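Structure record follows, encoded as structure tokens.
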Amino acid sequence: MRLQHHPDVRAEHPTLAVGTFEATGITPEMPVDLEKFIERATRRLADGPESEFPEIQAWRRAFAKMGLKPTQYRCASESLLRRLRKERSLPRIHPVIDLCNAVSVAYAIPVAVLDVSKISGSLEVRHARGDEKYVTFAGTVEHPNPGEVIFADEDGQAHARRWTNRQSGHSAVSATTSDVLIVSEGLHATAAEDVRLLIETIEGELRRP
């Protein structure tokens with residue numbers, strides 16, 4: 001699965017670091033170890049709220065640059081950290097999603113997980129034209145605003161809206177998913193190294209016997 005970022009997106013966000021990993025043979029019964037990652041995030045939250053993390057502040061600046069109110073539209077890792085801080089737990093959805101969410105809060109960096117079978121051709125992170133189709137988790141269809149940053153495939157399906165804010169229900173992991181594309185993106189000063197370590201961590205966990 002090929003993923004690229006449009007040159008305009010990279011030019012507007014020069015600190016962008018991206019990591020990807022394609023995992024196969026995913027099942028709803030696969031064992032995952034979450035607690036060590038949740039504990040790491042919990043310890044960090046004890047020192048201050050997620051809004052003070054440099055990883056989150058970088059995404060807030062990017063959202064503001066895109067014309068989005070950062071406290072209305074949050075990157076995925078901020079939303080998860082906020083939930084963990086308030087509820088002291090994360091939702092359990094599917095083992096691979098649960099693992100990526102736990103690693104995401106541990107690193108405070110967004111992680112997307114997409115069902116490869118639902119993606120047509122390659123993916124590009126680009127500005128929307130406005131005619132792309134985005135399917136919500138409730139099954140309704142939306143069209144991204146022109147200029148909004150989306151994950152778009154070759155059929156014009158938007159697999160994420162507002163960049164790292166919300167994924168699509170169309171390519172969400174389900175009980176029948178076997179192959180996934182995992183994508184992590186960071187914008188903070190040490191993003192290149194942190195994203196690399198994050199992807200290596202997920203890969204290592206998924207390859208554990």
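Chain lettering (A, B, ...) mirrors the order of the structure tokens, residue numbering begins at 1 for each chain separately, and ligand numbering begins at 1 in order of display.
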List the neighbours of A:His13 out to 12 Å using only C-alpha atoms; skip same-chain residues closer than 6 positions along the sequence, and give me the result as a VMD selection string.
chain A and resid 5 to 7 58 to 59 61 to 63 65 to 66 149 185 to 189
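Of the listed residues A:Ile182, A:Ser104, A:Leu123, A:Thr177, the one whose atoms come nearest to A:Asp153 is A:Leu123, with distances taken using only C-alpha atoms.
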Can you check which parts of stretch 75-101 of chain A lie within 8 Å of stretch 107-116 of chain A? Per residue, the shortest pair of atoms and distance in Å to one decimal, counting only C-alpha atoms, sorted by chain and number, as CSV.
```
residue,atom,partner,partner_atom,distance
A:Cys75,CA,A:Pro110,CA,6.7
A:Ala76,CA,A:Pro110,CA,5.3
A:Ser77,CA,A:Pro110,CA,4.6
A:Glu78,CA,A:Ala108,CA,7.0
A:Leu81,CA,A:Ala108,CA,7.4
A:Ile97,CA,A:Val113,CA,6.9
A:Cys100,CA,A:Val111,CA,6.4
A:Asn101,CA,A:Val111,CA,7.1
```
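Here atom CA of A:Glu203 is placed at a distance of 12.9 Å from atom CA of A:Asp33.
Reported to one decimal place, the separation of atom CA of A:Arg83 from atom CA of A:Glu55 is 16.7 Å.
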